[in-house]
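Visitor: Submitted below is the structure of interest, expressed as structure tokens.
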Number of protein chains: 4
Amino acid sequence: MFIHRHKVQFYETDLMGIVHHSNYLRFYEEARVAWAHAHGLLDYQKPGSASHFAVYETQVKHMKPTFFGDDLEIEVQARCEGNRLVFQYRLHGRGNEVCSVAKTVHVPPGVGFKTTKIPGRYESHCE
Amino acid sequence: MFIHRHKVQFYETDLMGIVHHSNYLRFYEEARVAWAHAHGLLDYQKPGSASHFAVYETQVKHMKPTFFGDDLEIEVQARCEGNRLVFQYRLHGRGNEVCSVAKTVHVPPGVGFKTTKIPGRYESHCE
Amino acid sequence: MFIHRHKVQFYETDLMGIVHHSNYLRFYEEARVAWAHAHGLLDYQKPGSASHFAVYETQVKHMKPTFFGDDLEIEVQARCEGNRLVFQYRLHGRGNEVCSVAKTVHVPPGVGFKTTKIPGRYESHCE
Amino acid sequence: MFIHRHKVQFYETDLMGIVHHSNYLRFYEEARVAWAHAHGLLDYQKPGSASHFAVYETQVKHMKPTFFGDDLEIEVQARCEGNRLVFQYRLHGRGNEVCSVAKTVHVPPGVGFKTTKIPGRYESHCE
């Protein structure tokens, strides 16, 4: 199981005193990028390599809030479905409780977001 | 049909030259807040009144990208489902094309995110 | 005097219940872009035209906080200093009070941020 | 010398392919918070303790851009000037080059941003 860690920053909170919900998509992106880099599928020197992860769909559930200073742990799992990459995430907050779960779907973009086949090297890393 | 307008800012783009996907949740929040304010359900002087819209779940689909300077139009519809408020959105970009659709689910938070009943004044504004 | 308006969004607040200070640079960018577009110096269809406004230096002072729902008014003034564009801003919040002032300095980037001459069409719009 | 590390995220870039300038204030805040926490001056469980660092003024210079995936190193120095806390920063990017320097000034906020004395425990940590 791949795990990514993120420390909640002051600028990620909102006036309710909790992390603003839009930031979870950023945390999940961080985790996805770290996963892809760890598997040799993303090269920071060639940012275009991130384009294989163009976001087609996101679903996020919030069970508990997270707070300034929290040390989040995000579990990442990837699988291939036809020409789509599907990631699933589980985000742990204080006391190791599951605070949020999510799923994101990605398509390799062709011209005008036309979907093309997933490169073979991705498939070998999907479960 | 309630419509909210948003002009895409430079700081909302990413290195792929398009609006970063996390910002759509911000656009949809803008539209939801504008809807709630227009219906007298949210008072900017009492930010706590926004807490009736704590985010429980979000689902976003991206059909086409949007770009710096685009004048987005976001349609908003609300309905009540038991003690939940459900919003649906349709976001139009260049050439009035639908670029994204979304659904967000909200629960009035009690202590520890325990769900309570939706105040009656919301129900009369839901479809 | 060029004036840009911005309504403070929920996602721009932090746990102190006020607008997070990093967002002021975003508001000032909004105002600068609106100024440049109004003067025909920036074309949204050619995002590269924004590169003449690469940020070299920023200075922001915060006299009073601003809040969720505030209707901000931002005054913008531009002047040329050699090969630099210098913008000055005054941001008005509740009760029309000045909440923040700022100055940003911009250089037309050449290769590797080497400064080049400001195109003549900018000079005619500077004060 | 206190050093804070930050890995540049995809969502921190803009359409020019570099980190958006507003994010540097976020990186500097991260570094300042880490410094304050390391010196026992900030308690994540009591977010109000961050209020001693209300931002009064910021100055940022950008000498070189930073990029997706860069491992930034931020040096932090603090000093007291009367009732103000002054932080200075130096941000290193690729090849350990200095890409940005900054200074931020903070006042302990009283009612209505009236300045009060800096608590003695801060002074012993300033240089």
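The chains in the structure tokens are called A, B, ... from first to last as shown; in each chain the residues are counted from 1, and the ligands are counted from 1 in the order shown.
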What are the residues of chain B that have an atom within 8 Å of an atom of chain D, counting only C-alpha atoms, as an MDAnalysis selection string?
Guide: chainID B and resid 10:18 20
Visitor: If we count only C-alpha atoms and set the cut-off at 12 Å, which residues sit around range 42-51 of chain D, ignoring sequence neighbours fewer than 4 positions away in its own chain? Please answer as a PyMOL selection string.
Guide: (chain A and resi 7-11+13+17-18+66-71+94) or (chain C and resi 14-18) or (chain D and resi 29-30+32-38+55-56+106-111+113+118-119+121-122)
Visitor: Among the residues of chain C, find those DSSP assigns to strand (DSSP E) from the backbone and print them as a PyMOL selection string.
Guide: chain C and resi 2-7+55-62+71-81+84-92+98-106
Visitor: Generate a file of the selected residues that holds C-alpha atoms, formatted as a PDB file, in the first residue's frame.
Guide:
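Output file result.pdb follows:
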```pdb
ATOM      1  CA  PHE C   2      -8.977  52.395 -12.664  1.00  0.00           C
ATOM      2  CA  ILE C   3     -11.036  50.411 -10.133  1.00  0.00           C
ATOM      3  CA  HIS C   4     -11.466  46.630  -9.938  1.00  0.00           C
ATOM      4  CA  ARG C   5     -14.099  44.958  -7.776  1.00  0.00           C
ATOM      5  CA  HIS C   6     -13.785  41.580  -6.026  1.00  0.00           C
ATOM      6  CA  LYS C   7     -16.309  39.860  -3.758  1.00  0.00           C
ATOM      7  CA  VAL C  55       6.448  39.542 -11.136  1.00  0.00           C
ATOM      8  CA  TYR C  56       9.811  40.761  -9.910  1.00  0.00           C
ATOM      9  CA  GLU C  57       8.860  42.243  -6.540  1.00  0.00           C
ATOM     10  CA  THR C  58       5.804  42.646  -4.323  1.00  0.00           C
ATOM     11  CA  GLN C  59       5.174  44.753  -1.222  1.00  0.00           C
ATOM     12  CA  VAL C  60       1.888  44.556   0.655  1.00  0.00           C
ATOM     13  CA  LYS C  61       0.726  46.349   3.807  1.00  0.00           C
ATOM     14  CA  HIS C  62      -2.296  45.219   5.818  1.00  0.00           C
ATOM     15  CA  ASP C  71     -17.197  43.898  -1.704  1.00  0.00           C
ATOM     16  CA  LEU C  72     -13.642  45.058  -2.212  1.00  0.00           C
ATOM     17  CA  GLU C  73     -12.685  47.965  -4.420  1.00  0.00           C
ATOM     18  CA  ILE C  74      -9.109  48.058  -5.664  1.00  0.00           C
ATOM     19  CA  GLU C  75      -7.603  51.200  -7.195  1.00  0.00           C
ATOM     20  CA  VAL C  76      -4.802  50.590  -9.690  1.00  0.00           C
ATOM     21  CA  GLN C  77      -2.126  52.977 -10.949  1.00  0.00           C
ATOM     22  CA  ALA C  78       0.744  52.090 -13.291  1.00  0.00           C
ATOM     23  CA  ARG C  79       3.980  53.834 -14.184  1.00  0.00           C
ATOM     24  CA  CYS C  80       7.131  53.002 -16.118  1.00  0.00           C
ATOM     25  CA  GLU C  81      10.549  53.189 -14.455  1.00  0.00           C
ATOM     26  CA  ARG C  84      10.163  48.182 -15.231  1.00  0.00           C
ATOM     27  CA  LEU C  85       6.425  48.457 -14.846  1.00  0.00           C
ATOM     28  CA  VAL C  86       5.405  49.548 -11.369  1.00  0.00           C
ATOM     29  CA  PHE C  87       1.841  49.154 -10.131  1.00  0.00           C
ATOM     30  CA  GLN C  88       0.413  50.695  -6.994  1.00  0.00           C
ATOM     31  CA  TYR C  89      -2.821  49.603  -5.392  1.00  0.00           C
ATOM     32  CA  ARG C  90      -5.216  50.726  -2.693  1.00  0.00           C
ATOM     33  CA  LEU C  91      -7.780  48.183  -1.469  1.00  0.00           C
ATOM     34  CA  HIS C  92     -11.012  49.389   0.163  1.00  0.00           C
ATOM     35  CA  VAL C  98      -8.463  51.399   3.158  1.00  0.00           C
ATOM     36  CA  CYS C  99      -7.543  47.900   4.367  1.00  0.00           C
ATOM     37  CA  SER C 100      -4.389  47.301   2.356  1.00  0.00           C
ATOM     38  CA  VAL C 101      -1.981  49.079   0.024  1.00  0.00           C
ATOM     39  CA  ALA C 102       0.563  47.452  -2.253  1.00  0.00           C
ATOM     40  CA  LYS C 103       3.194  47.921  -4.893  1.00  0.00           C
ATOM     41  CA  THR C 104       4.297  45.357  -7.478  1.00  0.00           C
ATOM     42  CA  VAL C 105       7.237  45.604  -9.870  1.00  0.00           C
ATOM     43  CA  HIS C 106       7.296  43.787 -13.203  1.00  0.00           C
TER      44      HIS C 106
END
```
Visitor: What does the structure give for the distance between CA of Gly82 in chain B and CA of Glu97 in chain A, in Å to one decimal?
Guide: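 Interatomic distance, CA of Gly82 in chain B to CA of Glu97 in chain A: 26.9 Å.
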Visitor: I'd like to know which residues of chain A are alpha helix (DSSP H) (by DSSP, run on the backbone); could you write them as an MDAnalysis selection string?
Guide: chainID A and resid 22:38 120:123
Visitor: Could you write out that same residue set with C-alpha atoms as an mmCIF file, in the first residue's frame?
Guide:
```
data_model
loop_
_atom_site.group_PDB
_atom_site.id
_atom_site.type_symbol
_atom_site.label_atom_id
_atom_site.label_comp_id
_atom_site.auth_asym_id
_atom_site.auth_seq_id
_atom_site.Cartn_x
_atom_site.Cartn_y
_atom_site.Cartn_z
ATOM 1 C CA SER A 22 -11.326 22.057 -2.134
ATOM 2 C CA ASN A 23 -7.896 21.348 -0.642
ATOM 3 C CA TYR A 24 -8.620 17.630 -0.399
ATOM 4 C CA LEU A 25 -8.406 17.414 -4.201
ATOM 5 C CA ARG A 26 -4.963 18.983 -3.844
ATOM 6 C CA PHE A 27 -3.925 16.464 -1.189
ATOM 7 C CA TYR A 28 -5.158 13.615 -3.383
ATOM 8 C CA GLU A 29 -3.242 15.045 -6.341
ATOM 9 C CA GLU A 30 -0.090 15.215 -4.197
ATOM 10 C CA ALA A 31 -0.567 11.558 -3.291
ATOM 11 C CA ARG A 32 -1.233 10.542 -6.927
ATOM 12 C CA VAL A 33 1.828 12.415 -8.189
ATOM 13 C CA ALA A 34 4.008 10.875 -5.464
ATOM 14 C CA TRP A 35 2.661 7.420 -6.422
ATOM 15 C CA ALA A 36 3.354 8.035 -10.134
ATOM 16 C CA HIS A 37 6.838 9.359 -9.443
ATOM 17 C CA ALA A 38 7.655 6.453 -7.149
ATOM 18 C CA GLY A 120 1.519 -0.262 -21.301
ATOM 19 C CA ARG A 121 3.932 0.831 -18.599
ATOM 20 C CA TYR A 122 1.021 2.036 -16.496
ATOM 21 C CA GLU A 123 -0.792 -1.256 -16.602
#
```
